[in-house]
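What's in query.cif: mmCIF, N, CA and C atoms
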```cif
data_my_file
#
loop_
_atom_site.label_atom_id
_atom_site.label_comp_id
_atom_site.auth_asym_id
_atom_site.auth_seq_id
_atom_site.Cartn_x
_atom_site.Cartn_y
_atom_site.Cartn_z
N MET B 1 16.07 3.10 6.28
CA MET B 1 17.09 2.98 7.28
C MET B 1 18.22 2.14 6.71
N VAL B 2 19.44 2.61 6.86
CA VAL B 2 20.61 1.90 6.36
C VAL B 2 21.41 1.41 7.55
N PHE B 3 21.75 0.14 7.56
CA PHE B 3 22.57 -0.42 8.61
C PHE B 3 24.01 -0.45 8.13
N ARG B 4 24.91 -0.01 8.99
CA ARG B 4 26.33 0.01 8.63
C ARG B 4 27.09 -0.84 9.63
N ARG B 5 28.12 -1.48 9.15
CA ARG B 5 28.96 -2.27 10.04
C ARG B 5 30.41 -1.97 9.70
N PRO B 6 31.29 -1.95 10.71
CA PRO B 6 32.70 -1.69 10.41
C PRO B 6 33.32 -2.91 9.75
N THR B 7 34.18 -2.67 8.78
CA THR B 7 34.90 -3.75 8.12
C THR B 7 36.21 -3.99 8.86
N ALA B 8 36.99 -4.96 8.42
CA ALA B 8 38.25 -5.30 9.08
C ALA B 8 39.22 -4.12 9.11
N ASP B 9 39.17 -3.27 8.07
CA ASP B 9 40.09 -2.13 8.02
C ASP B 9 39.53 -0.88 8.70
N GLY B 10 38.38 -1.00 9.37
CA GLY B 10 37.80 0.12 10.10
C GLY B 10 36.86 0.99 9.29
N ALA B 11 36.75 0.77 7.98
CA ALA B 11 35.84 1.54 7.14
C ALA B 11 34.41 1.11 7.43
N ILE B 12 33.47 1.92 6.99
CA ILE B 12 32.05 1.60 7.18
C ILE B 12 31.50 0.99 5.89
N ALA B 13 30.86 -0.18 6.01
CA ALA B 13 30.24 -0.83 4.86
C ALA B 13 28.73 -0.77 5.02
N HIS B 14 28.04 -0.46 3.95
CA HIS B 14 26.58 -0.41 3.98
C HIS B 14 26.05 -1.83 3.78
N GLY B 15 24.98 -2.17 4.46
CA GLY B 15 24.44 -3.51 4.36
C GLY B 15 23.26 -3.60 3.43
N ARG B 16 22.87 -4.79 3.18
CA ARG B 16 21.71 -5.09 2.36
C ARG B 16 20.51 -5.17 3.29
N ILE B 17 19.42 -4.55 2.89
CA ILE B 17 18.20 -4.61 3.68
C ILE B 17 17.26 -5.59 3.00
N ASP B 18 16.83 -6.58 3.75
CA ASP B 18 15.99 -7.64 3.23
C ASP B 18 14.58 -7.48 3.80
N TYR B 19 13.57 -7.75 2.99
CA TYR B 19 12.19 -7.55 3.40
C TYR B 19 11.42 -8.86 3.54
N ARG B 20 12.12 -9.95 3.90
CA ARG B 20 11.47 -11.26 4.02
C ARG B 20 10.39 -11.30 5.09
N LEU B 21 10.61 -10.64 6.21
CA LEU B 21 9.61 -10.67 7.28
C LEU B 21 8.32 -9.96 6.87
N ALA B 22 8.45 -8.81 6.21
CA ALA B 22 7.27 -8.10 5.73
C ALA B 22 6.55 -8.94 4.68
N ARG B 23 7.31 -9.61 3.81
CA ARG B 23 6.72 -10.48 2.78
C ARG B 23 5.94 -11.62 3.43
N ALA B 24 6.54 -12.25 4.43
CA ALA B 24 5.88 -13.37 5.13
C ALA B 24 4.59 -12.91 5.80
N ALA B 25 4.59 -11.69 6.34
CA ALA B 25 3.39 -11.17 7.00
C ALA B 25 2.26 -10.96 5.99
N VAL B 26 2.58 -10.41 4.83
CA VAL B 26 1.56 -10.19 3.79
C VAL B 26 1.01 -11.52 3.31
N ILE B 27 1.89 -12.48 3.08
CA ILE B 27 1.45 -13.81 2.60
C ILE B 27 0.55 -14.46 3.64
N ALA B 28 0.91 -14.37 4.91
CA ALA B 28 0.09 -14.94 5.98
C ALA B 28 -1.28 -14.27 6.03
N ASP B 29 -1.32 -12.94 5.86
CA ASP B 29 -2.60 -12.22 5.87
C ASP B 29 -3.49 -12.65 4.70
N VAL B 30 -2.89 -12.88 3.54
CA VAL B 30 -3.67 -13.33 2.38
C VAL B 30 -4.22 -14.73 2.64
N ARG B 31 -3.40 -15.61 3.14
CA ARG B 31 -3.82 -17.00 3.40
C ARG B 31 -4.88 -17.09 4.49
N GLN B 32 -4.85 -16.16 5.44
CA GLN B 32 -5.85 -16.15 6.51
C GLN B 32 -7.12 -15.39 6.12
N GLY B 33 -7.11 -14.78 4.94
CA GLY B 33 -8.27 -14.04 4.49
C GLY B 33 -8.36 -12.62 5.02
N LEU B 34 -7.32 -12.14 5.69
CA LEU B 34 -7.33 -10.78 6.22
C LEU B 34 -7.08 -9.74 5.13
N VAL B 35 -6.36 -10.15 4.08
CA VAL B 35 -6.10 -9.29 2.93
C VAL B 35 -6.61 -10.02 1.69
N ASP B 36 -7.40 -9.33 0.88
CA ASP B 36 -7.94 -9.93 -0.33
C ASP B 36 -6.80 -10.17 -1.34
N ARG B 37 -6.90 -11.24 -2.08
CA ARG B 37 -5.88 -11.59 -3.07
C ARG B 37 -5.69 -10.47 -4.10
N SER B 38 -6.79 -9.79 -4.45
CA SER B 38 -6.68 -8.71 -5.43
C SER B 38 -5.85 -7.54 -4.90
N GLU B 39 -5.82 -7.36 -3.58
CA GLU B 39 -4.99 -6.31 -2.99
C GLU B 39 -3.51 -6.68 -2.99
N ALA B 40 -3.23 -7.96 -2.84
CA ALA B 40 -1.84 -8.41 -2.83
C ALA B 40 -1.29 -8.55 -4.25
N CYS B 41 -2.15 -8.80 -5.20
CA CYS B 41 -1.73 -9.00 -6.60
C CYS B 41 -2.12 -7.77 -7.42
N ASP B 42 -1.51 -6.64 -7.06
CA ASP B 42 -1.91 -5.37 -7.67
C ASP B 42 -0.74 -4.66 -8.34
N ALA B 43 0.15 -5.40 -8.97
CA ALA B 43 1.31 -4.78 -9.61
C ALA B 43 0.89 -3.75 -10.65
N HIS B 44 1.60 -2.64 -10.68
CA HIS B 44 1.37 -1.60 -11.67
C HIS B 44 1.63 -2.18 -13.07
N PRO B 45 0.88 -1.77 -14.07
CA PRO B 45 1.07 -2.31 -15.42
C PRO B 45 2.51 -2.17 -15.94
N GLU B 46 3.19 -1.08 -15.58
CA GLU B 46 4.59 -0.91 -16.02
C GLU B 46 5.50 -1.93 -15.35
N LEU B 47 5.21 -2.27 -14.10
CA LEU B 47 6.00 -3.28 -13.40
C LEU B 47 5.77 -4.66 -14.01
N VAL B 48 4.54 -4.95 -14.37
CA VAL B 48 4.22 -6.23 -15.03
C VAL B 48 4.91 -6.30 -16.39
N ARG B 49 4.92 -5.18 -17.12
CA ARG B 49 5.60 -5.14 -18.42
C ARG B 49 7.10 -5.36 -18.25
N ALA B 50 7.69 -4.70 -17.26
CA ALA B 50 9.12 -4.88 -17.00
C ALA B 50 9.42 -6.32 -16.60
N ALA B 51 8.53 -6.91 -15.82
CA ALA B 51 8.72 -8.31 -15.41
C ALA B 51 8.71 -9.24 -16.62
N ALA B 52 7.82 -8.97 -17.55
CA ALA B 52 7.73 -9.81 -18.75
C ALA B 52 8.92 -9.61 -19.68
N GLN B 53 9.42 -8.37 -19.76
CA GLN B 53 10.48 -8.06 -20.72
C GLN B 53 11.89 -8.31 -20.17
N VAL B 54 12.16 -7.89 -18.94
CA VAL B 54 13.53 -7.93 -18.43
C VAL B 54 13.68 -8.62 -17.07
N GLY B 55 12.61 -9.22 -16.57
CA GLY B 55 12.68 -9.89 -15.27
C GLY B 55 13.64 -11.06 -15.28
N VAL B 56 14.34 -11.21 -14.17
CA VAL B 56 15.28 -12.32 -14.01
C VAL B 56 14.54 -13.45 -13.30
N ILE B 57 14.44 -14.59 -13.96
CA ILE B 57 13.69 -15.72 -13.42
C ILE B 57 14.33 -16.21 -12.13
N THR B 58 13.50 -16.47 -11.12
CA THR B 58 13.99 -16.99 -9.85
C THR B 58 13.69 -18.48 -9.77
N SER B 59 14.27 -19.13 -8.78
CA SER B 59 14.04 -20.56 -8.62
C SER B 59 12.77 -20.86 -7.84
N GLY B 60 12.19 -19.84 -7.21
CA GLY B 60 11.00 -20.05 -6.39
C GLY B 60 9.70 -19.99 -7.17
N THR B 61 8.63 -20.28 -6.46
CA THR B 61 7.29 -20.18 -7.05
C THR B 61 6.56 -19.03 -6.37
N CYS B 62 5.54 -18.55 -7.03
CA CYS B 62 4.74 -17.45 -6.49
C CYS B 62 4.07 -17.92 -5.19
N PRO B 63 4.14 -17.15 -4.12
CA PRO B 63 3.52 -17.55 -2.86
C PRO B 63 2.00 -17.45 -2.89
N ILE B 64 1.43 -16.78 -3.88
CA ILE B 64 -0.01 -16.61 -3.96
C ILE B 64 -0.64 -17.64 -4.89
N CYS B 65 -0.18 -17.70 -6.16
CA CYS B 65 -0.79 -18.61 -7.13
C CYS B 65 0.04 -19.88 -7.36
N GLU B 66 1.21 -19.97 -6.73
CA GLU B 66 2.10 -21.13 -6.82
C GLU B 66 2.58 -21.43 -8.23
N SER B 67 2.58 -20.41 -9.07
CA SER B 67 3.09 -20.53 -10.44
C SER B 67 4.62 -20.37 -10.41
N PRO B 68 5.32 -21.04 -11.32
CA PRO B 68 6.78 -20.88 -11.38
C PRO B 68 7.21 -19.64 -12.16
N SER B 69 6.33 -18.67 -12.34
CA SER B 69 6.64 -17.49 -13.15
C SER B 69 7.06 -16.29 -12.31
N LEU B 70 7.81 -16.54 -11.24
CA LEU B 70 8.27 -15.48 -10.35
C LEU B 70 9.60 -14.93 -10.87
N VAL B 71 9.69 -13.60 -10.98
CA VAL B 71 10.91 -12.95 -11.48
C VAL B 71 11.30 -11.79 -10.56
N HIS B 72 12.54 -11.36 -10.68
CA HIS B 72 13.01 -10.17 -9.98
C HIS B 72 13.24 -9.06 -11.00
N VAL B 73 12.77 -7.87 -10.67
CA VAL B 73 12.98 -6.68 -11.49
C VAL B 73 13.75 -5.70 -10.62
N THR B 74 14.83 -5.13 -11.17
CA THR B 74 15.70 -4.23 -10.41
C THR B 74 15.60 -2.80 -10.94
N TYR B 75 15.39 -1.87 -10.01
CA TYR B 75 15.36 -0.45 -10.32
C TYR B 75 16.49 0.22 -9.54
N VAL B 76 17.18 1.14 -10.20
CA VAL B 76 18.27 1.87 -9.56
C VAL B 76 17.93 3.36 -9.53
N PHE B 77 18.22 3.98 -8.40
CA PHE B 77 18.01 5.42 -8.22
C PHE B 77 19.32 6.05 -7.81
N GLY B 78 19.57 7.25 -8.30
CA GLY B 78 20.79 7.94 -7.92
C GLY B 78 21.03 9.15 -8.80
N PRO B 79 22.19 9.80 -8.59
CA PRO B 79 22.52 11.00 -9.36
C PRO B 79 22.60 10.70 -10.86
N ARG B 80 22.13 11.65 -11.64
CA ARG B 80 22.16 11.59 -13.10
C ARG B 80 21.33 10.44 -13.68
N LEU B 81 20.37 9.98 -12.91
CA LEU B 81 19.39 8.99 -13.40
C LEU B 81 18.03 9.66 -13.37
N PRO B 82 17.07 9.16 -14.15
CA PRO B 82 15.72 9.76 -14.12
C PRO B 82 15.12 9.70 -12.71
N ARG B 83 14.22 10.64 -12.41
CA ARG B 83 13.58 10.68 -11.09
C ARG B 83 12.83 9.39 -10.79
N HIS B 84 12.28 8.75 -11.82
CA HIS B 84 11.53 7.51 -11.63
C HIS B 84 12.45 6.29 -11.58
N GLY B 85 13.75 6.52 -11.59
CA GLY B 85 14.71 5.42 -11.51
C GLY B 85 14.98 4.83 -12.88
N ARG B 86 15.81 3.85 -12.88
CA ARG B 86 16.17 3.17 -14.12
C ARG B 86 16.02 1.68 -13.92
N CYS B 87 15.27 1.05 -14.79
CA CYS B 87 15.09 -0.39 -14.74
C CYS B 87 16.35 -1.02 -15.34
N VAL B 88 17.01 -1.83 -14.57
CA VAL B 88 18.27 -2.45 -15.00
C VAL B 88 17.97 -3.80 -15.62
N THR B 89 18.57 -4.02 -16.79
CA THR B 89 18.28 -5.25 -17.52
C THR B 89 19.43 -6.26 -17.49
N LEU B 90 20.63 -5.81 -17.24
CA LEU B 90 21.78 -6.70 -17.24
C LEU B 90 22.59 -6.56 -15.95
N ARG B 91 23.15 -7.66 -15.48
CA ARG B 91 23.95 -7.63 -14.26
C ARG B 91 25.16 -6.70 -14.44
N GLY B 92 25.74 -6.67 -15.61
CA GLY B 92 26.86 -5.78 -15.87
C GLY B 92 26.50 -4.32 -15.71
N GLU B 93 25.24 -4.00 -15.96
CA GLU B 93 24.77 -2.62 -15.79
C GLU B 93 24.85 -2.19 -14.32
N LEU B 94 24.53 -3.11 -13.42
CA LEU B 94 24.62 -2.81 -12.00
C LEU B 94 26.06 -2.50 -11.61
N ALA B 95 26.98 -3.30 -12.10
CA ALA B 95 28.40 -3.09 -11.79
C ALA B 95 28.87 -1.75 -12.34
N ARG B 96 28.43 -1.39 -13.53
CA ARG B 96 28.81 -0.12 -14.14
C ARG B 96 28.25 1.05 -13.35
N LEU B 97 26.99 0.95 -12.93
CA LEU B 97 26.39 2.02 -12.13
C LEU B 97 27.06 2.13 -10.76
N ALA B 98 27.53 1.01 -10.22
CA ALA B 98 28.19 1.02 -8.91
C ALA B 98 29.49 1.81 -8.95
N LYS B 99 30.11 1.90 -10.11
CA LYS B 99 31.38 2.62 -10.25
C LYS B 99 31.19 4.12 -10.42
N ARG B 100 29.97 4.57 -10.69
CA ARG B 100 29.71 5.99 -10.88
C ARG B 100 29.83 6.72 -9.55
N PRO B 101 30.22 8.00 -9.59
CA PRO B 101 30.27 8.76 -8.34
C PRO B 101 28.86 9.02 -7.80
N GLY B 102 28.78 9.14 -6.50
CA GLY B 102 27.49 9.39 -5.87
C GLY B 102 26.89 8.10 -5.31
N THR B 103 25.81 8.27 -4.58
CA THR B 103 25.14 7.13 -3.97
C THR B 103 24.05 6.62 -4.89
N HIS B 104 24.16 5.37 -5.28
CA HIS B 104 23.15 4.71 -6.11
C HIS B 104 22.54 3.57 -5.30
N VAL B 105 21.24 3.52 -5.29
CA VAL B 105 20.53 2.51 -4.52
C VAL B 105 19.72 1.64 -5.46
N ALA B 106 19.82 0.32 -5.30
CA ALA B 106 19.07 -0.62 -6.12
C ALA B 106 17.95 -1.24 -5.28
N TYR B 107 16.78 -1.32 -5.89
CA TYR B 107 15.63 -1.97 -5.27
C TYR B 107 15.25 -3.15 -6.15
N VAL B 108 15.18 -4.34 -5.56
CA VAL B 108 14.83 -5.55 -6.30
C VAL B 108 13.41 -5.92 -5.90
N VAL B 109 12.52 -5.98 -6.89
CA VAL B 109 11.11 -6.27 -6.65
C VAL B 109 10.79 -7.66 -7.19
N GLU B 110 10.11 -8.45 -6.38
CA GLU B 110 9.67 -9.78 -6.77
C GLU B 110 8.30 -9.64 -7.43
N VAL B 111 8.14 -10.19 -8.63
CA VAL B 111 6.89 -10.04 -9.38
C VAL B 111 6.49 -11.39 -9.97
N CYS B 112 5.21 -11.72 -9.87
CA CYS B 112 4.68 -12.91 -10.54
C CYS B 112 4.07 -12.46 -11.86
N ARG B 113 4.54 -13.02 -12.95
CA ARG B 113 4.03 -12.65 -14.27
C ARG B 113 2.63 -13.19 -14.51
N LYS B 114 2.19 -14.14 -13.71
CA LYS B 114 0.86 -14.73 -13.90
C LYS B 114 -0.23 -13.99 -13.13
N CYS B 115 -0.03 -13.77 -11.82
CA CYS B 115 -1.11 -13.19 -11.00
C CYS B 115 -0.84 -11.74 -10.57
N SER B 116 0.33 -11.19 -10.92
CA SER B 116 0.71 -9.81 -10.58
C SER B 116 1.04 -9.58 -9.11
N TRP B 117 1.38 -10.66 -8.37
CA TRP B 117 1.91 -10.50 -7.02
C TRP B 117 3.19 -9.68 -7.13
N ASN B 118 3.41 -8.78 -6.21
CA ASN B 118 4.66 -8.03 -6.20
C ASN B 118 5.00 -7.63 -4.78
N HIS B 119 6.28 -7.67 -4.48
CA HIS B 119 6.74 -7.29 -3.16
C HIS B 119 8.21 -6.90 -3.25
N LEU B 120 8.59 -5.89 -2.50
CA LEU B 120 9.99 -5.48 -2.45
C LEU B 120 10.80 -6.60 -1.80
N SER B 121 11.76 -7.12 -2.54
CA SER B 121 12.59 -8.22 -2.04
C SER B 121 13.73 -7.71 -1.17
N HIS B 122 14.53 -6.82 -1.73
CA HIS B 122 15.63 -6.25 -0.96
C HIS B 122 16.13 -4.95 -1.57
N ARG B 123 16.91 -4.23 -0.78
CA ARG B 123 17.48 -2.95 -1.18
C ARG B 123 18.96 -3.01 -0.86
N LEU B 124 19.79 -2.43 -1.75
CA LEU B 124 21.21 -2.40 -1.46
C LEU B 124 21.86 -1.18 -2.08
N ASP B 125 22.93 -0.73 -1.44
CA ASP B 125 23.70 0.39 -1.96
C ASP B 125 24.72 -0.18 -2.94
N LEU B 126 24.70 0.28 -4.16
CA LEU B 126 25.64 -0.23 -5.17
C LEU B 126 27.06 0.20 -4.83
N GLY B 127 27.97 -0.73 -4.99
CA GLY B 127 29.35 -0.45 -4.70
C GLY B 127 29.71 -0.61 -3.23
N LYS B 128 28.71 -0.69 -2.38
CA LYS B 128 28.94 -0.81 -0.95
C LYS B 128 28.56 -2.19 -0.42
N ALA B 129 27.76 -2.92 -1.19
CA ALA B 129 27.32 -4.25 -0.77
C ALA B 129 27.41 -5.18 -1.96
N GLU B 130 27.38 -6.44 -1.71
CA GLU B 130 27.44 -7.42 -2.78
C GLU B 130 26.20 -7.33 -3.65
N ILE B 131 26.38 -7.30 -4.96
CA ILE B 131 25.26 -7.21 -5.89
C ILE B 131 24.68 -8.59 -6.08
N ALA B 132 23.38 -8.74 -5.75
CA ALA B 132 22.76 -10.07 -5.86
C ALA B 132 21.45 -9.97 -6.59
#
```
Could you rewrite the structure in this file as structure tokens?
Amino acid sequence: MVFRRPTADGAIAHGRIDYRLARAAVIADVRQGLVDRSEACDAHPELVRAAAQVGVITSGTCPICESPSLVHVTYVFGPRLPRHGRCVTLRGELARLAKRPGTHVAYVVEVCRKCSWNHLSHRLDLGKAEIA
């Protein structure tokens, strides 16, 4: 679902979708024992590899193992990109993709390099919302 809001000039701007509430619910379920830690820390090996190679270090700690090895990995989907998306390694790459014609969507995934915790952090339309 994409939320749109009118801008000052009457155009429609696409918003950023944040998944903090879903993240908080999963963390609460793990801490209460409703979800096993192995189920929450189940990152795909390719995601763990991307986190180790191109992940952008965050200031936070892992909510599961409390390690400071939490990173963000960004994948972009859109026209003329592979079906499995493209893992973006540089901030400049996002800006370049935002200038391409067509709708490009970026998904930022939070990954712990130590325990393999992973959760979708946020989604945004490139060129339509602030790149963060």
Step by step, work through what the PyMOL selection byres ((chain B and resi 110-121) around 6.5) selects in the shown file, and finish by giving those residues as a PyMOL selection string.
chain B and resi 17-20+40-43+48+51-52+62+69-73+107-109+122-123
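Computed from the coordinates, the atom C of Gly55 in chain B to CA of Ser38 in chain B distance equals 22.7 Å.
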Would you pick out the contacts of Gly102 in chain B at 8 Å or less, using all atoms listed in the file, so that residues sharing its chain but fewer than 6 positions from it are not included, and give the list as a VMD selection string?
chain B and resid 78 to 79 126
What's around Cys87 in chain B at 8 Å? Count only C-alpha atoms, leave out sequence neighbours fewer than 3 positions away in its own chain, and write the answer as an MDAnalysis selection string.
chainID B and resid 50 73:76
Å distance separating atom C of Asp36 in chain B from atom C of Arg16 in chain B, one decimal place:
28.1 Å
Residue list (alpha helix (DSSP H), DSSP) for range 16-119 of chain B, as a PDB file with N, CA and C atoms, keeping the file's coordinate frame:
```pdb
ATOM      1  N   ARG B  20      12.120  -9.950   3.900  1.00  0.00           N
ATOM      2  CA  ARG B  20      11.470 -11.260   4.020  1.00  0.00           C
ATOM      3  C   ARG B  20      10.390 -11.300   5.090  1.00  0.00           C
ATOM      4  N   LEU B  21      10.610 -10.640   6.210  1.00  0.00           N
ATOM      5  CA  LEU B  21       9.610 -10.670   7.280  1.00  0.00           C
ATOM      6  C   LEU B  21       8.320  -9.960   6.870  1.00  0.00           C
ATOM      7  N   ALA B  22       8.450  -8.810   6.210  1.00  0.00           N
ATOM      8  CA  ALA B  22       7.270  -8.100   5.730  1.00  0.00           C
ATOM      9  C   ALA B  22       6.550  -8.940   4.680  1.00  0.00           C
ATOM     10  N   ARG B  23       7.310  -9.610   3.810  1.00  0.00           N
ATOM     11  CA  ARG B  23       6.720 -10.480   2.780  1.00  0.00           C
ATOM     12  C   ARG B  23       5.940 -11.620   3.430  1.00  0.00           C
ATOM     13  N   ALA B  24       6.540 -12.250   4.430  1.00  0.00           N
ATOM     14  CA  ALA B  24       5.880 -13.370   5.130  1.00  0.00           C
ATOM     15  C   ALA B  24       4.590 -12.910   5.800  1.00  0.00           C
ATOM     16  N   ALA B  25       4.590 -11.690   6.340  1.00  0.00           N
ATOM     17  CA  ALA B  25       3.390 -11.170   7.000  1.00  0.00           C
ATOM     18  C   ALA B  25       2.260 -10.960   5.990  1.00  0.00           C
ATOM     19  N   VAL B  26       2.580 -10.410   4.830  1.00  0.00           N
ATOM     20  CA  VAL B  26       1.560 -10.190   3.790  1.00  0.00           C
ATOM     21  C   VAL B  26       1.010 -11.520   3.310  1.00  0.00           C
ATOM     22  N   ILE B  27       1.890 -12.480   3.080  1.00  0.00           N
ATOM     23  CA  ILE B  27       1.450 -13.810   2.600  1.00  0.00           C
ATOM     24  C   ILE B  27       0.550 -14.460   3.640  1.00  0.00           C
ATOM     25  N   ALA B  28       0.910 -14.370   4.910  1.00  0.00           N
ATOM     26  CA  ALA B  28       0.090 -14.940   5.980  1.00  0.00           C
ATOM     27  C   ALA B  28      -1.280 -14.270   6.030  1.00  0.00           C
ATOM     28  N   ASP B  29      -1.320 -12.940   5.860  1.00  0.00           N
ATOM     29  CA  ASP B  29      -2.600 -12.220   5.870  1.00  0.00           C
ATOM     30  C   ASP B  29      -3.490 -12.650   4.700  1.00  0.00           C
ATOM     31  N   VAL B  30      -2.890 -12.880   3.540  1.00  0.00           N
ATOM     32  CA  VAL B  30      -3.670 -13.330   2.380  1.00  0.00           C
ATOM     33  C   VAL B  30      -4.220 -14.730   2.640  1.00  0.00           C
ATOM     34  N   ARG B  31      -3.400 -15.610   3.140  1.00  0.00           N
ATOM     35  CA  ARG B  31      -3.820 -17.000   3.400  1.00  0.00           C
ATOM     36  C   ARG B  31      -4.880 -17.090   4.490  1.00  0.00           C
ATOM     37  N   ARG B  37      -6.900 -11.240  -2.080  1.00  0.00           N
ATOM     38  CA  ARG B  37      -5.880 -11.590  -3.070  1.00  0.00           C
ATOM     39  C   ARG B  37      -5.690 -10.470  -4.100  1.00  0.00           C
ATOM     40  N   SER B  38      -6.790  -9.790  -4.450  1.00  0.00           N
ATOM     41  CA  SER B  38      -6.680  -8.710  -5.430  1.00  0.00           C
ATOM     42  C   SER B  38      -5.850  -7.540  -4.900  1.00  0.00           C
ATOM     43  N   GLU B  39      -5.820  -7.360  -3.580  1.00  0.00           N
ATOM     44  CA  GLU B  39      -4.990  -6.310  -2.990  1.00  0.00           C
ATOM     45  C   GLU B  39      -3.510  -6.680  -2.990  1.00  0.00           C
ATOM     46  N   ALA B  40      -3.230  -7.960  -2.840  1.00  0.00           N
ATOM     47  CA  ALA B  40      -1.840  -8.410  -2.830  1.00  0.00           C
ATOM     48  C   ALA B  40      -1.290  -8.550  -4.250  1.00  0.00           C
ATOM     49  N   PRO B  45       0.880  -1.770 -14.070  1.00  0.00           N
ATOM     50  CA  PRO B  45       1.070  -2.310 -15.420  1.00  0.00           C
ATOM     51  C   PRO B  45       2.510  -2.170 -15.940  1.00  0.00           C
ATOM     52  N   GLU B  46       3.190  -1.080 -15.580  1.00  0.00           N
ATOM     53  CA  GLU B  46       4.590  -0.910 -16.020  1.00  0.00           C
ATOM     54  C   GLU B  46       5.500  -1.930 -15.350  1.00  0.00           C
ATOM     55  N   LEU B  47       5.210  -2.270 -14.100  1.00  0.00           N
ATOM     56  CA  LEU B  47       6.000  -3.280 -13.400  1.00  0.00           C
ATOM     57  C   LEU B  47       5.770  -4.660 -14.010  1.00  0.00           C
ATOM     58  N   VAL B  48       4.540  -4.950 -14.370  1.00  0.00           N
ATOM     59  CA  VAL B  48       4.220  -6.230 -15.030  1.00  0.00           C
ATOM     60  C   VAL B  48       4.910  -6.300 -16.390  1.00  0.00           C
ATOM     61  N   ARG B  49       4.920  -5.180 -17.120  1.00  0.00           N
ATOM     62  CA  ARG B  49       5.600  -5.140 -18.420  1.00  0.00           C
ATOM     63  C   ARG B  49       7.100  -5.360 -18.250  1.00  0.00           C
ATOM     64  N   ALA B  50       7.690  -4.700 -17.260  1.00  0.00           N
ATOM     65  CA  ALA B  50       9.120  -4.880 -17.000  1.00  0.00           C
ATOM     66  C   ALA B  50       9.420  -6.320 -16.600  1.00  0.00           C
ATOM     67  N   ALA B  51       8.530  -6.910 -15.820  1.00  0.00           N
ATOM     68  CA  ALA B  51       8.720  -8.310 -15.410  1.00  0.00           C
ATOM     69  C   ALA B  51       8.710  -9.240 -16.620  1.00  0.00           C
ATOM     70  N   ALA B  52       7.820  -8.970 -17.550  1.00  0.00           N
ATOM     71  CA  ALA B  52       7.730  -9.810 -18.750  1.00  0.00           C
ATOM     72  C   ALA B  52       8.920  -9.610 -19.680  1.00  0.00           C
ATOM     73  N   GLN B  53       9.420  -8.370 -19.760  1.00  0.00           N
ATOM     74  CA  GLN B  53      10.480  -8.060 -20.720  1.00  0.00           C
ATOM     75  C   GLN B  53      11.890  -8.310 -20.170  1.00  0.00           C
ATOM     76  N   VAL B  54      12.160  -7.890 -18.940  1.00  0.00           N
ATOM     77  CA  VAL B  54      13.530  -7.930 -18.430  1.00  0.00           C
ATOM     78  C   VAL B  54      13.680  -8.620 -17.070  1.00  0.00           C
ATOM     79  N   ARG B  91      23.150  -7.660 -15.480  1.00  0.00           N
ATOM     80  CA  ARG B  91      23.950  -7.630 -14.260  1.00  0.00           C
ATOM     81  C   ARG B  91      25.160  -6.700 -14.440  1.00  0.00           C
ATOM     82  N   GLY B  92      25.740  -6.670 -15.610  1.00  0.00           N
ATOM     83  CA  GLY B  92      26.860  -5.780 -15.870  1.00  0.00           C
ATOM     84  C   GLY B  92      26.500  -4.320 -15.710  1.00  0.00           C
ATOM     85  N   GLU B  93      25.240  -4.000 -15.960  1.00  0.00           N
ATOM     86  CA  GLU B  93      24.770  -2.620 -15.790  1.00  0.00           C
ATOM     87  C   GLU B  93      24.850  -2.190 -14.320  1.00  0.00           C
ATOM     88  N   LEU B  94      24.530  -3.110 -13.420  1.00  0.00           N
ATOM     89  CA  LEU B  94      24.620  -2.810 -12.000  1.00  0.00           C
ATOM     90  C   LEU B  94      26.060  -2.500 -11.610  1.00  0.00           C
ATOM     91  N   ALA B  95      26.980  -3.300 -12.100  1.00  0.00           N
ATOM     92  CA  ALA B  95      28.400  -3.090 -11.790  1.00  0.00           C
ATOM     93  C   ALA B  95      28.870  -1.750 -12.340  1.00  0.00           C
ATOM     94  N   ARG B  96      28.430  -1.390 -13.530  1.00  0.00           N
ATOM     95  CA  ARG B  96      28.810  -0.120 -14.140  1.00  0.00           C
ATOM     96  C   ARG B  96      28.250   1.050 -13.350  1.00  0.00           C
ATOM     97  N   LEU B  97      26.990   0.950 -12.930  1.00  0.00           N
ATOM     98  CA  LEU B  97      26.390   2.020 -12.130  1.00  0.00           C
ATOM     99  C   LEU B  97      27.060   2.130 -10.760  1.00  0.00           C
ATOM    100  N   ALA B  98      27.530   1.010 -10.220  1.00  0.00           N
ATOM    101  CA  ALA B  98      28.190   1.020  -8.910  1.00  0.00           C
ATOM    102  C   ALA B  98      29.490   1.810  -8.950  1.00  0.00           C
TER     103      ALA B  98
END
```
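The gap separating atom C of Pro68 in chain B from atom N of Arg86 in chain B is 25.0 Å, in Å to one decimal.
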Box in all listed atoms of range 64-78 of chain B, axis-aligned, with 6 Å more on each side; write out centre and edge lengths in Å to one decimal as AutoDock Vina command-line options.
```
--center_x 10.1 --center_y -6.1 --center_z -8.5 --size_x 33.8 --size_y 42.6 --size_z 21.3
```
Picked from chain B by DSSP as strand (DSSP E), as JSON, numbers by chain:
{"B": [4, 5, 6, 12, 13, 14, 17, 18, 56, 57, 70, 71, 72, 73, 74, 75, 76, 77, 86, 87, 88, 105, 106, 107, 108, 109, 110, 111, 112, 118, 119, 120, 121, 122, 123, 124, 125]}
Closest to Val54 in chain B among B:Thr103, B:Gln32, B:Thr89, B:Ser67, using only C-alpha atoms?
B:Thr89
